[in-house]
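Visitor: Below is structure_29.cif; it holds mmCIF, C-alpha atoms and all ligand atoms.
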```cif
data_model
loop_
_atom_site.label_atom_id
_atom_site.label_comp_id
_atom_site.auth_asym_id
_atom_site.auth_seq_id
_atom_site.Cartn_x
_atom_site.Cartn_y
_atom_site.Cartn_z
CA MET V 1 -34.37 -2.53 12.24
CA SER V 2 -33.99 0.24 9.66
CA ALA V 3 -30.79 0.46 7.65
CA LEU V 4 -27.99 2.82 8.73
CA LYS V 5 -27.95 5.79 6.35
CA VAL V 6 -24.40 6.20 5.10
CA ALA V 7 -22.94 9.07 3.08
CA ILE V 8 -19.64 8.59 1.25
CA ALA V 9 -17.24 11.49 0.58
CA GLY V 10 -14.72 11.29 -2.26
CA CYS V 11 -17.03 8.75 -3.86
CA SER V 12 -15.12 8.55 -7.15
CA GLY V 13 -11.74 8.03 -5.47
CA ARG V 14 -9.94 4.73 -4.95
CA MET V 15 -11.38 4.23 -1.46
CA GLY V 16 -14.68 5.91 -2.31
CA ARG V 17 -15.50 3.35 -5.02
CA VAL V 18 -14.68 0.39 -2.78
CA LEU V 19 -16.78 1.91 0.02
CA LEU V 20 -19.76 2.40 -2.32
CA ASN V 21 -19.48 -1.22 -3.33
CA CYS V 22 -19.22 -2.49 0.26
CA VAL V 23 -22.24 -0.42 1.33
CA GLU V 24 -24.16 -1.87 -1.62
CA GLN V 25 -23.31 -5.41 -0.43
CA ALA V 26 -24.33 -4.79 3.22
CA ASP V 27 -27.94 -5.60 4.20
CA ASP V 28 -27.90 -3.26 7.21
CA LEU V 29 -26.62 -0.16 5.34
CA ALA V 30 -28.23 2.20 2.83
CA LEU V 31 -26.41 4.72 0.67
CA HIS V 32 -27.82 8.12 1.63
CA ALA V 33 -25.48 10.38 -0.36
CA ALA V 34 -22.40 10.30 -2.58
CA LEU V 35 -20.19 13.40 -2.30
CA ASP V 36 -17.40 14.76 -4.44
CA HIS V 37 -15.63 18.13 -4.48
CA ALA V 38 -16.99 21.22 -6.25
CA THR V 39 -14.76 20.91 -9.35
CA SER V 40 -15.12 17.16 -9.77
CA PRO V 41 -16.02 16.05 -13.30
CA HIS V 42 -18.30 13.42 -11.74
CA LEU V 43 -20.96 15.74 -10.27
CA GLY V 44 -24.44 14.83 -11.49
CA LYS V 45 -23.48 11.25 -12.34
CA ASP V 46 -25.31 8.28 -10.86
CA ALA V 47 -23.46 6.63 -7.96
CA SER V 48 -23.94 3.27 -9.69
CA GLU V 49 -21.24 4.37 -12.17
CA PHE V 50 -18.80 4.03 -9.24
CA GLY V 51 -20.27 0.85 -7.72
CA GLY V 52 -22.93 2.54 -5.57
CA THR V 53 -26.70 2.48 -5.39
CA ARG V 54 -28.63 3.46 -8.53
CA GLY V 55 -30.59 6.69 -8.09
CA VAL V 56 -28.14 8.40 -5.74
CA ILE V 57 -26.64 11.35 -7.62
CA VAL V 58 -23.09 12.55 -6.98
CA THR V 59 -23.17 16.03 -5.45
CA ALA V 60 -20.84 18.64 -3.95
CA ASP V 61 -23.63 20.12 -1.81
CA ALA V 62 -22.63 18.45 1.43
CA ALA V 63 -25.02 20.55 3.54
CA ALA V 64 -28.06 19.33 1.60
CA ALA V 65 -26.77 15.79 1.11
CA LEU V 66 -26.03 15.19 4.79
CA GLN V 67 -29.55 16.13 5.93
CA GLY V 68 -30.98 12.96 7.47
CA ALA V 69 -27.78 10.92 7.18
CA ASP V 70 -26.55 8.85 10.15
CA VAL V 71 -22.87 8.84 9.29
CA LEU V 72 -20.40 10.21 6.75
CA ILE V 73 -17.41 8.10 5.74
CA ASP V 74 -14.61 10.34 4.52
CA PHE V 75 -11.45 9.22 2.74
CA THR V 76 -10.47 12.40 0.87
CA ARG V 77 -7.85 15.04 1.70
CA PRO V 78 -7.42 17.00 4.95
CA GLU V 79 -9.06 20.17 3.56
CA GLY V 80 -12.04 18.18 2.27
CA THR V 81 -12.46 16.28 5.53
CA LEU V 82 -12.34 19.49 7.58
CA HIS V 83 -15.03 21.05 5.39
CA HIS V 84 -17.24 17.97 5.76
CA LEU V 85 -16.59 17.83 9.51
CA GLU V 86 -18.00 21.32 9.91
CA ILE V 87 -21.24 20.32 8.18
CA CYS V 88 -21.46 17.04 10.11
CA GLN V 89 -21.37 19.05 13.34
CA GLN V 90 -24.13 21.37 12.11
CA HIS V 91 -26.36 18.40 11.25
CA GLY V 92 -25.40 16.10 14.14
CA VAL V 93 -24.04 13.48 11.75
CA ASN V 94 -21.31 11.10 12.94
CA ILE V 95 -18.13 10.82 10.88
CA VAL V 96 -15.59 8.08 10.12
CA ILE V 97 -12.32 9.65 8.98
CA GLY V 98 -9.79 7.58 7.03
CA THR V 99 -8.00 10.56 5.48
CA THR V 100 -4.31 10.89 6.36
CA GLY V 101 -1.84 13.78 6.21
CA PHE V 102 -3.37 16.08 8.87
CA SER V 103 -1.15 18.59 10.71
CA ALA V 104 -1.16 18.63 14.53
CA GLN V 105 -3.40 21.72 14.47
CA GLU V 106 -5.86 20.03 12.13
CA LYS V 107 -5.98 16.97 14.38
CA ALA V 108 -6.93 19.28 17.26
CA VAL V 109 -9.92 20.46 15.18
CA LEU V 110 -11.04 16.84 14.82
CA GLY V 111 -10.77 16.40 18.59
CA ALA V 112 -12.88 19.51 19.24
CA ALA V 113 -15.63 18.26 16.90
CA ALA V 114 -15.82 15.03 18.88
CA GLN V 115 -17.40 16.96 21.75
CA ARG V 116 -20.56 17.22 19.64
CA ILE V 117 -20.58 14.20 17.33
CA GLY V 118 -19.11 10.71 17.17
CA VAL V 119 -15.76 10.61 15.34
CA VAL V 120 -13.71 7.55 14.45
CA PHE V 121 -10.32 8.70 13.19
CA ALA V 122 -7.73 6.09 12.24
CA PRO V 123 -4.93 6.06 9.67
CA ASN V 124 -5.61 2.40 8.94
CA MET V 125 -8.96 0.67 9.31
CA SER V 126 -7.79 -2.91 8.66
CA VAL V 127 -8.04 -5.47 11.45
CA GLY V 128 -4.49 -6.63 10.68
CA VAL V 129 -2.77 -3.29 11.12
CA ASN V 130 -4.68 -2.65 14.32
CA LEU V 131 -3.50 -6.00 15.65
CA VAL V 132 0.05 -4.95 14.68
CA PHE V 133 -0.38 -1.80 16.78
CA LYS V 134 -1.03 -4.08 19.77
CA LEU V 135 1.84 -6.45 18.95
CA LEU V 136 4.24 -3.50 18.81
CA GLU V 137 3.58 -2.65 22.46
CA THR V 138 4.92 -6.07 23.49
CA ALA V 139 7.73 -6.14 20.91
CA SER V 140 8.95 -2.65 21.79
CA ARG V 141 8.97 -3.41 25.51
CA VAL V 142 10.94 -6.63 25.06
CA LEU V 143 13.32 -5.10 22.51
CA SER V 144 13.72 -1.73 24.20
CA HIS V 145 17.52 -1.98 24.49
CA GLY V 146 20.04 -3.02 21.85
CA TYR V 147 17.66 -2.99 18.91
CA ASP V 148 17.49 -0.28 16.24
CA ILE V 149 13.95 0.43 15.11
CA GLU V 150 13.10 1.28 11.51
CA ILE V 151 9.68 1.58 9.85
CA ILE V 152 9.43 0.85 6.14
CA GLU V 153 6.27 1.57 4.15
CA ALA V 154 5.37 1.07 0.49
CA HIS V 155 2.36 2.45 -1.41
CA HIS V 156 1.08 3.04 -4.95
CA ARG V 157 2.42 5.81 -7.16
CA HIS V 158 -0.62 8.07 -6.62
CA LYS V 159 -0.24 8.48 -2.86
CA VAL V 160 0.34 12.15 -1.97
CA ASP V 161 1.48 12.05 1.68
CA ALA V 162 4.61 10.54 3.22
CA PRO V 163 5.34 8.79 5.45
CA SER V 164 1.95 7.10 5.42
CA GLY V 165 -0.45 7.85 8.25
CA THR V 166 -0.10 4.22 9.31
CA ALA V 167 3.71 4.43 9.47
CA LEU V 168 3.42 7.52 11.66
CA GLY V 169 0.87 5.70 13.82
CA LEU V 170 3.24 2.74 14.20
CA GLY V 171 5.98 5.18 15.19
CA GLU V 172 3.69 6.82 17.76
CA VAL V 173 2.90 3.47 19.41
CA ILE V 174 6.59 2.53 19.58
CA ALA V 175 7.68 5.94 20.88
CA ARG V 176 4.93 5.97 23.51
CA THR V 177 5.84 2.44 24.68
CA LEU V 178 9.52 3.42 24.94
CA GLY V 179 8.80 6.75 26.66
CA ARG V 180 10.16 8.74 23.71
CA ASP V 181 8.70 11.73 21.84
CA LEU V 182 8.27 10.82 18.16
CA GLU V 183 8.74 14.45 17.10
CA GLN V 184 12.17 14.41 18.72
CA CYS V 185 13.36 10.95 17.70
CA ALA V 186 11.97 10.41 14.17
CA VAL V 187 14.42 10.37 11.25
CA TYR V 188 12.66 10.69 7.89
CA GLY V 189 15.09 9.30 5.29
CA ARG V 190 18.86 9.58 5.09
CA GLU V 191 21.26 11.01 2.54
CA GLY V 192 24.97 11.84 2.36
CA VAL V 193 27.37 11.48 5.28
CA THR V 194 24.87 10.85 8.02
CA GLY V 195 27.22 9.66 10.75
CA GLU V 196 26.54 6.53 12.77
CA ARG V 197 23.01 5.67 13.74
CA ASP V 198 21.78 7.24 16.98
CA PRO V 199 20.20 4.33 18.94
CA SER V 200 17.44 6.55 20.32
CA THR V 201 16.04 7.32 16.85
CA ILE V 202 13.15 5.69 15.00
CA GLY V 203 13.86 5.68 11.26
CA PHE V 204 11.27 5.91 8.47
CA ALA V 205 11.72 4.80 4.86
CA THR V 206 9.16 5.39 2.12
CA VAL V 207 8.69 3.48 -1.15
CA ARG V 208 6.23 4.63 -3.85
CA GLY V 209 5.43 2.63 -6.95
CA GLY V 210 2.88 0.93 -9.18
CA ASP V 211 -0.31 -0.30 -7.57
CA ILE V 212 0.96 -1.34 -4.12
CA VAL V 213 -2.12 -1.15 -1.88
CA GLY V 214 -0.17 -0.66 1.36
CA ASP V 215 2.75 -2.50 3.00
CA HIS V 216 4.20 -1.70 6.41
CA THR V 217 7.17 -3.31 8.18
CA VAL V 218 8.60 -2.53 11.59
CA LEU V 219 12.19 -3.76 11.81
CA TYR V 220 13.96 -4.30 15.12
CA ALA V 221 17.64 -4.83 14.20
CA GLY V 222 19.86 -6.15 16.98
CA ILE V 223 23.23 -7.90 17.12
CA GLY V 224 22.90 -11.39 15.68
CA GLU V 225 19.17 -11.18 14.91
CA ARG V 226 16.42 -9.12 13.32
CA ILE V 227 12.72 -9.14 14.06
CA GLU V 228 10.33 -7.89 11.39
CA ILE V 229 6.61 -7.36 11.89
CA THR V 230 4.94 -6.89 8.52
CA HIS V 231 1.43 -6.18 7.31
CA LYS V 232 0.55 -6.25 3.61
CA ALA V 233 -2.83 -5.12 2.33
CA SER V 234 -3.75 -6.73 -0.97
CA SER V 235 -7.22 -5.17 -1.34
CA ARG V 236 -8.75 -1.85 -0.27
CA ALA V 237 -11.78 -3.82 0.90
CA THR V 238 -9.93 -4.48 4.15
CA PHE V 239 -9.95 -0.71 4.88
CA ALA V 240 -13.52 -0.22 3.66
CA LEU V 241 -14.95 -3.05 5.75
CA GLY V 242 -13.17 -1.59 8.78
CA ALA V 243 -14.72 1.80 8.04
CA LEU V 244 -18.19 0.23 7.91
CA ARG V 245 -17.57 -1.43 11.29
CA ALA V 246 -16.60 2.01 12.59
CA ALA V 247 -19.84 3.51 11.21
CA ARG V 248 -21.94 0.88 13.03
CA PHE V 249 -19.88 1.43 16.20
CA LEU V 250 -20.65 5.16 16.19
CA GLN V 251 -24.36 4.49 15.90
CA ALA V 252 -24.19 2.49 19.13
CA ASN V 253 -21.98 4.87 21.11
CA PRO V 254 -22.16 8.44 22.46
CA ALA V 255 -20.37 11.41 20.88
CA GLY V 256 -16.61 11.29 21.36
CA MET V 257 -13.27 10.67 19.71
CA TYR V 258 -12.58 7.02 18.92
CA ASP V 259 -10.05 5.04 16.93
CA MET V 260 -10.07 1.54 15.47
CA GLN V 261 -8.70 0.11 18.72
CA ASP V 262 -12.02 1.21 20.27
CA VAL V 263 -14.05 -0.18 17.39
CA LEU V 264 -12.24 -3.54 17.51
CA ASN V 265 -12.24 -3.64 21.33
CA LEU V 266 -8.44 -3.86 21.44
CA LYS V 267 -7.85 -1.37 24.27
N1 LIG J 301 -7.52 4.96 7.08
C1 LIG J 301 -7.38 4.00 6.14
O1 LIG J 301 -7.60 2.80 6.39
C2 LIG J 301 -7.00 4.41 4.75
C3 LIG J 301 -6.74 5.72 4.49
N2 LIG J 301 -6.53 6.13 3.21
C4 LIG J 301 -6.41 7.57 3.02
O2 LIG J 301 -7.62 8.02 2.41
C5 LIG J 301 -7.35 9.16 1.60
C6 LIG J 301 -7.88 8.93 0.19
O3 LIG J 301 -7.17 7.88 -0.42
P1 LIG J 301 -7.55 7.40 -1.90
O4 LIG J 301 -8.95 6.95 -1.96
O5 LIG J 301 -6.47 6.47 -2.33
O6 LIG J 301 -7.37 8.78 -2.70
P2 LIG J 301 -8.09 9.25 -4.05
O7 LIG J 301 -7.33 10.45 -4.52
O8 LIG J 301 -8.25 8.10 -4.96
O9 LIG J 301 -9.56 9.68 -3.58
C7 LIG J 301 -9.82 10.85 -2.87
C8 LIG J 301 -11.16 11.39 -3.31
O10 LIG J 301 -11.40 12.61 -2.64
C9 LIG J 301 -11.56 13.65 -3.61
N3 LIG J 301 -11.03 14.91 -3.10
C10 LIG J 301 -9.81 15.46 -3.30
N4 LIG J 301 -9.73 16.64 -2.68
C11 LIG J 301 -10.92 16.85 -2.09
C12 LIG J 301 -11.45 17.90 -1.31
N5 LIG J 301 -10.74 18.97 -1.00
N6 LIG J 301 -12.72 17.77 -0.89
C13 LIG J 301 -13.45 16.70 -1.18
N7 LIG J 301 -13.00 15.67 -1.92
C14 LIG J 301 -11.75 15.74 -2.36
C15 LIG J 301 -10.81 13.16 -4.83
O11 LIG J 301 -11.23 13.83 -6.00
P3 LIG J 301 -10.17 13.98 -7.23
O12 LIG J 301 -9.88 12.58 -7.67
O13 LIG J 301 -10.90 14.79 -8.24
O14 LIG J 301 -8.96 14.67 -6.65
C16 LIG J 301 -11.20 11.70 -4.80
O15 LIG J 301 -12.50 11.49 -5.27
C17 LIG J 301 -5.84 9.38 1.68
O16 LIG J 301 -5.57 10.34 2.67
C18 LIG J 301 -5.31 8.02 2.12
O17 LIG J 301 -4.07 8.09 2.77
C19 LIG J 301 -6.53 5.27 2.17
C20 LIG J 301 -6.74 3.95 2.37
C21 LIG J 301 -6.97 3.39 3.70
O1 LIG J 302 -3.10 6.17 0.60
C1 LIG J 302 -3.30 4.94 0.76
O2 LIG J 302 -3.52 4.18 -0.19
C2 LIG J 302 -3.27 4.41 2.12
N1 LIG J 302 -3.17 5.26 3.11
C3 LIG J 302 -3.19 4.98 4.49
C4 LIG J 302 -1.97 5.52 5.17
O3 LIG J 302 -1.50 6.62 4.81
O4 LIG J 302 -1.48 4.91 6.11
C5 LIG J 302 -3.51 3.54 4.81
C6 LIG J 302 -3.18 2.53 3.78
O5 LIG J 302 -1.90 2.05 3.97
C7 LIG J 302 -3.44 2.97 2.35
#
```
Starting from the file, give its structure as structure tokens.
Ligand SMILES: NC(=O)C1=CN([C@@H]2O[C@H](COP(=O)(O)OP(=O)(O)OC[C@H]3O[C@@H](n4cnc5c(N)ncnc54)[C@H](OP(=O)(O)O)[C@@H]3O)[C@@H](O)[C@H]2O)C=CC1
Ligand SMILES: O=C(O)C1=N[C@H](C(=O)O)C[C@H](O)C1
Guide:
Amino acid sequence: MSALKVAIAGCSGRMGRVLLNCVEQADDLALHAALDHATSPHLGKDASEFGGTRGVIVTADAAAALQGADVLIDFTRPEGTLHHLEICQQHGVNIVIGTTGFSAQEKAVLGAAAQRIGVVFAPNMSVGVNLVFKLLETASRVLSHGYDIEIIEAHHRHKVDAPSGTALGLGEVIARTLGRDLEQCAVYGREGVTGERDPSTIGFATVRGGDIVGDHTVLYAGIGERIEITHKASSRATFALGALRAARFLQANPAGMYDMQDVLNLK
């Protein structure tokens, strides 16, 4: 069988470099293109400088680079992903989106694109976090009364969005399980005289520092006991390998909107 032709967006970024390396290691994948944005200082460089295949040149010309590709893997910024998504639709190229920080309107654009191409969109591509999503359904049902729910996330100093996409995803799963609307019940940080805690809220706390790859804890605090469900990523390879699984999944499935629960058969 011929190798799946993979293009990587944001190829010089933290995730981009790990993705290039993981594609290089995989026998069933071939690097088709390495993309960066139009003002990147890395345009024209060989992808091997970032861990990718020698001979693939970093380019900002997504339209040309995506010709003949099977799938684009995009961990960039919302505006970059939306630009790439447009071109993927024109060329019939599937897309795996790891980027976080989209607005509700931007997410609707992703959904519309999925009518024409395969889209996997997930704020966290690790197996562990996706298992946590499942565990939270049970935990939230059992602990639905008498337990205050707080989500604590920690990431490296370079992260630009908060709370993390994963933390918001955890909140969505909990709110859905409890029949609440996250937009109504989320509390993003506290300061000053806040008054007593409203039991119907889901609290979020954000830590940023150093090189933390990504830690998430859901805390259920009751009277006389606390339950904590924690995931800690120690390497970005866990996200990259998940993204590659998603790319293979899209090749085997019709156009549509999928998440990592679909890819990992957790639904
Ligand atoms: N779903 C998941 O499992 C994971 C998701 N993420 C998410 O992936 C995204 C990227 O994370 P990370 O790799 O750490 O970030 P980086 O900033 O290290 O990498 C992003 C890359 O995209 C480039 N870029 C920035 N703006 C644009 C644009 N408008 N168009 C095209 N490319 C652009 C950057 O270039 P430059 O450096 O010049 O700005 C850089 O090469 C974030 O949203 C993060 O939250 C991260 C890890 C796991
Ligand atoms: O920016 C990161 O680094 C990460 N972002 C994702 C998020 O916002 O949830 C996933 C992961 O935790 C790393």
Visitor: Neighbours of ligand LIG 301 (chain J) at 6 Å or closer, counting all atoms listed in the file: which residues, as a list of chain:residue names?
Guide: V:Gly10, V:Cys11, V:Ser12, V:Gly13, V:Arg14, V:Met15, V:Gly16, V:Asp36, V:His37, V:Ser40, V:Phe75, V:Thr76, V:Arg77, V:Glu79, V:Gly80, V:Gly98, V:Thr99, V:Thr100, V:Ala122, V:Pro123, V:Asn124, V:Met125, V:Phe239
Visitor: Just write the chosen residues, C-alpha atoms, as a short mmCIF file (atom, residue, chain, number, x, y, z; two decimals), keeping the file's coordinate frame.
Guide:
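Wrote again16.cif, looks like this:
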```cif
data_model
loop_
_atom_site.label_atom_id
_atom_site.label_comp_id
_atom_site.auth_asym_id
_atom_site.auth_seq_id
_atom_site.Cartn_x
_atom_site.Cartn_y
_atom_site.Cartn_z
CA GLY V 10 -14.72 11.29 -2.26
CA CYS V 11 -17.03 8.75 -3.86
CA SER V 12 -15.12 8.55 -7.15
CA GLY V 13 -11.74 8.03 -5.47
CA ARG V 14 -9.94 4.73 -4.95
CA MET V 15 -11.38 4.23 -1.46
CA GLY V 16 -14.68 5.91 -2.31
CA ASP V 36 -17.40 14.76 -4.44
CA HIS V 37 -15.63 18.13 -4.48
CA SER V 40 -15.12 17.16 -9.77
CA PHE V 75 -11.45 9.22 2.74
CA THR V 76 -10.47 12.40 0.87
CA ARG V 77 -7.85 15.04 1.70
CA GLU V 79 -9.06 20.17 3.56
CA GLY V 80 -12.04 18.18 2.27
CA GLY V 98 -9.79 7.58 7.03
CA THR V 99 -8.00 10.56 5.48
CA THR V 100 -4.31 10.89 6.36
CA ALA V 122 -7.73 6.09 12.24
CA PRO V 123 -4.93 6.06 9.67
CA ASN V 124 -5.61 2.40 8.94
CA MET V 125 -8.96 0.67 9.31
CA PHE V 239 -9.95 -0.71 4.88
#
```
Visitor: Between atom CA of Glu183 of chain V and atom CA of Arg226 of chain V, what is the distance in Å, rounded to a tenth?
Guide: 25.1 Å
Visitor: Do you know which residues are within 10 Å of ligand LIG 302 (chain J) using only C-alpha atoms and all ligand atoms? Can you write them as a PyMOL selection string?
Guide: chain V and resi 14-15+75-76+98-101+122-126+129+153-170+211-216+231-233+235-236+238-239
Visitor: Excluding same-chain residues fewer than 2 positions from segment 250-254 of chain V, what lies within 7 Å of it counting all atoms listed in the file, as a list of chain:residue names?
Guide: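 Near neighbours after the sequence-gap exclusion: V:Asn94, V:Gly118, V:Ala246, V:Ala247, V:Arg248, V:Gly256.
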Visitor: Write out as a VMD selection string the residues lying within 10 Å of Leu31 of chain V, counting all atoms listed in the file and excluding same-chain residues fewer than 6 positions away.
Guide: chain V and resid 3 to 8 20 to 21 23 to 24 47 52 to 56 69
Visitor: Please produce a file of the residues just selected, as a PDB file, keeping the file's coordinate frame, where the atoms kept are C-alpha atoms.
Guide:
```
ATOM      1  CA  ALA V   3     -30.790   0.460   7.650  1.00  0.00           C
ATOM      2  CA  LEU V   4     -27.990   2.820   8.730  1.00  0.00           C
ATOM      3  CA  LYS V   5     -27.950   5.790   6.350  1.00  0.00           C
ATOM      4  CA  VAL V   6     -24.400   6.200   5.100  1.00  0.00           C
ATOM      5  CA  ALA V   7     -22.940   9.070   3.080  1.00  0.00           C
ATOM      6  CA  ILE V   8     -19.640   8.590   1.250  1.00  0.00           C
ATOM      7  CA  LEU V  20     -19.760   2.400  -2.320  1.00  0.00           C
ATOM      8  CA  ASN V  21     -19.480  -1.220  -3.330  1.00  0.00           C
ATOM      9  CA  VAL V  23     -22.240  -0.420   1.330  1.00  0.00           C
ATOM     10  CA  GLU V  24     -24.160  -1.870  -1.620  1.00  0.00           C
ATOM     11  CA  ALA V  47     -23.460   6.630  -7.960  1.00  0.00           C
ATOM     12  CA  GLY V  52     -22.930   2.540  -5.570  1.00  0.00           C
ATOM     13  CA  THR V  53     -26.700   2.480  -5.390  1.00  0.00           C
ATOM     14  CA  ARG V  54     -28.630   3.460  -8.530  1.00  0.00           C
ATOM     15  CA  GLY V  55     -30.590   6.690  -8.090  1.00  0.00           C
ATOM     16  CA  VAL V  56     -28.140   8.400  -5.740  1.00  0.00           C
ATOM     17  CA  ALA V  69     -27.780  10.920   7.180  1.00  0.00           C
TER      18      ALA V  69
END
```
Visitor: Can you list, as a ChimeraX atom specification, every protein, DNA or RNA residue that comes within 9 Å of Ala175 of chain V when you count all atoms listed in the file, leaving out same-chain residues fewer than 4 positions away?
Guide: /V:140,170-171,179-182,185,202
Visitor: Env of Glu150 of chain V: 7 Å cut, atoms = only C-alpha atoms, seq-sep filter 4 positions within chain, self excluded. Answer as number ranges by chain.
Guide: V: 202-204, 218-220
Visitor: Emit the selected residues as an mmCIF file, in the frame of the given file, including C-alpha atoms.
Guide:
```
data_model
loop_
_atom_site.group_PDB
_atom_site.id
_atom_site.type_symbol
_atom_site.label_atom_id
_atom_site.label_comp_id
_atom_site.auth_asym_id
_atom_site.auth_seq_id
_atom_site.Cartn_x
_atom_site.Cartn_y
_atom_site.Cartn_z
ATOM 1 C CA ILE V 202 13.150 5.690 15.000
ATOM 2 C CA GLY V 203 13.860 5.680 11.260
ATOM 3 C CA PHE V 204 11.270 5.910 8.470
ATOM 4 C CA VAL V 218 8.600 -2.530 11.590
ATOM 5 C CA LEU V 219 12.190 -3.760 11.810
ATOM 6 C CA TYR V 220 13.960 -4.300 15.120
#
```
Visitor: How far is it from atom CA of Ala114 of chain V to atom CA of Glu86 of chain V, in Å with one decimal?
Guide: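 Result for atom CA of Ala114 of chain V versus atom CA of Glu86 of chain V: 11.2 Å, one decimal.
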Visitor: Would you work out the distance separating atom CA of Val58 of chain V from atom CA of Val263 of chain V, expressed in Å to one decimal?
Guide: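 Result for atom CA of Val58 of chain V versus atom CA of Val263 of chain V: 28.9 Å, one decimal.
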Visitor: Which of these residues is nearest to Thr230 of chain V, using only C-alpha atoms: V:Ala33, V:Cys88, V:Leu66, V:Leu131?
Guide: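 Of V:Ala33, V:Cys88, V:Leu66, V:Leu131, the one nearest Thr230 of chain V is V:Leu131, counting only C-alpha atoms.
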Visitor: Taking all atoms listed in the file into account, name the residue in V:Ala240, V:Ala38, V:Ala108, V:Ala255 that is nearest to Ile73 of chain V.
Guide: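 Nearest candidate to Ile73 of chain V out of V:Ala240, V:Ala38, V:Ala108, V:Ala255: V:Ala240.
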Visitor: Please write out, as lines of an AutoDock Vina configuration file, where the centre of an axis-aligned box around all listed atoms of segment 48-61 of chain V lies and how long its edges are, in Å to one decimal, after adding 8 Å on each side.
Guide:
```
center_x = -24.7
center_y = 10.5
center_z = -7.0
size_x = 27.8
size_y = 35.3
size_z = 26.4
```
Visitor: Of the candidates V:Ser2, V:Asn130, V:Ser103, V:Thr177, which shows the shortest atom-to-atom distance to Gly242 of chain V, using all atoms listed in the file?
Guide: V:Asn130
Visitor: With all atoms listed in the file as the basis for distance, which of V:Leu266, V:Ala139, V:Leu43, V:Leu244 is at the shortest distance from Val96 of chain V?
Guide: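 Residue with the minimum atom-to-atom distance to Val96 of chain V: V:Leu244.
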Visitor: Identify which of the residues V:Leu178, V:Ile229, V:Ala186, V:Ala113 lies closest to Gly128 of chain V, counting only C-alpha atoms when measuring atom-to-atom distances.
Guide: V:Ile229
Visitor: Go through V:Ile87, V:His42, V:Pro78, V:Val142 and flag the residue nearest Ala64 of chain V, using only C-alpha atoms for the distances.
Guide: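 The answer is V:Ile87, which sits nearest to Ala64 of chain V.
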Visitor: As a tab-separated table (two decimals), in the frame of the given file, please: segment 58-70 of chain V completed to N, CA and C atoms.
Guide:
```
chain	number	residue	atom	x	y	z
V	58	VAL	N	-24.32	11.97	-7.57
V	58	VAL	CA	-23.09	12.55	-6.98
V	58	VAL	C	-23.25	14.07	-6.88
V	59	THR	N	-22.98	14.60	-5.70
V	59	THR	CA	-23.17	16.03	-5.45
V	59	THR	C	-22.01	16.62	-4.65
V	60	ALA	N	-21.83	17.93	-4.78
V	60	ALA	CA	-20.84	18.64	-3.95
V	60	ALA	C	-21.54	19.41	-2.83
V	61	ASP	N	-22.87	19.37	-2.82
V	61	ASP	CA	-23.63	20.12	-1.81
V	61	ASP	C	-23.75	19.28	-0.54
V	62	ALA	N	-22.67	19.31	0.25
V	62	ALA	CA	-22.63	18.45	1.43
V	62	ALA	C	-23.73	18.83	2.43
V	63	ALA	N	-24.01	20.11	2.55
V	63	ALA	CA	-25.02	20.55	3.54
V	63	ALA	C	-26.38	19.91	3.23
V	64	ALA	N	-26.76	19.93	1.97
V	64	ALA	CA	-28.06	19.33	1.60
V	64	ALA	C	-27.98	17.80	1.68
V	65	ALA	N	-26.87	17.25	1.21
V	65	ALA	CA	-26.77	15.79	1.11
V	65	ALA	C	-26.72	15.12	2.48
V	66	LEU	N	-26.19	15.83	3.47
V	66	LEU	CA	-26.03	15.19	4.79
V	66	LEU	C	-27.28	15.30	5.66
V	67	GLN	N	-28.27	16.06	5.19
V	67	GLN	CA	-29.55	16.13	5.93
V	67	GLN	C	-30.12	14.72	6.05
V	68	GLY	N	-30.35	14.27	7.27
V	68	GLY	CA	-30.98	12.96	7.47
V	68	GLY	C	-30.03	11.78	7.44
V	69	ALA	N	-28.75	12.03	7.18
V	69	ALA	CA	-27.78	10.92	7.18
V	69	ALA	C	-27.44	10.55	8.62
V	70	ASP	N	-27.03	9.28	8.82
V	70	ASP	CA	-26.55	8.85	10.15
V	70	ASP	C	-25.06	9.07	10.27
```
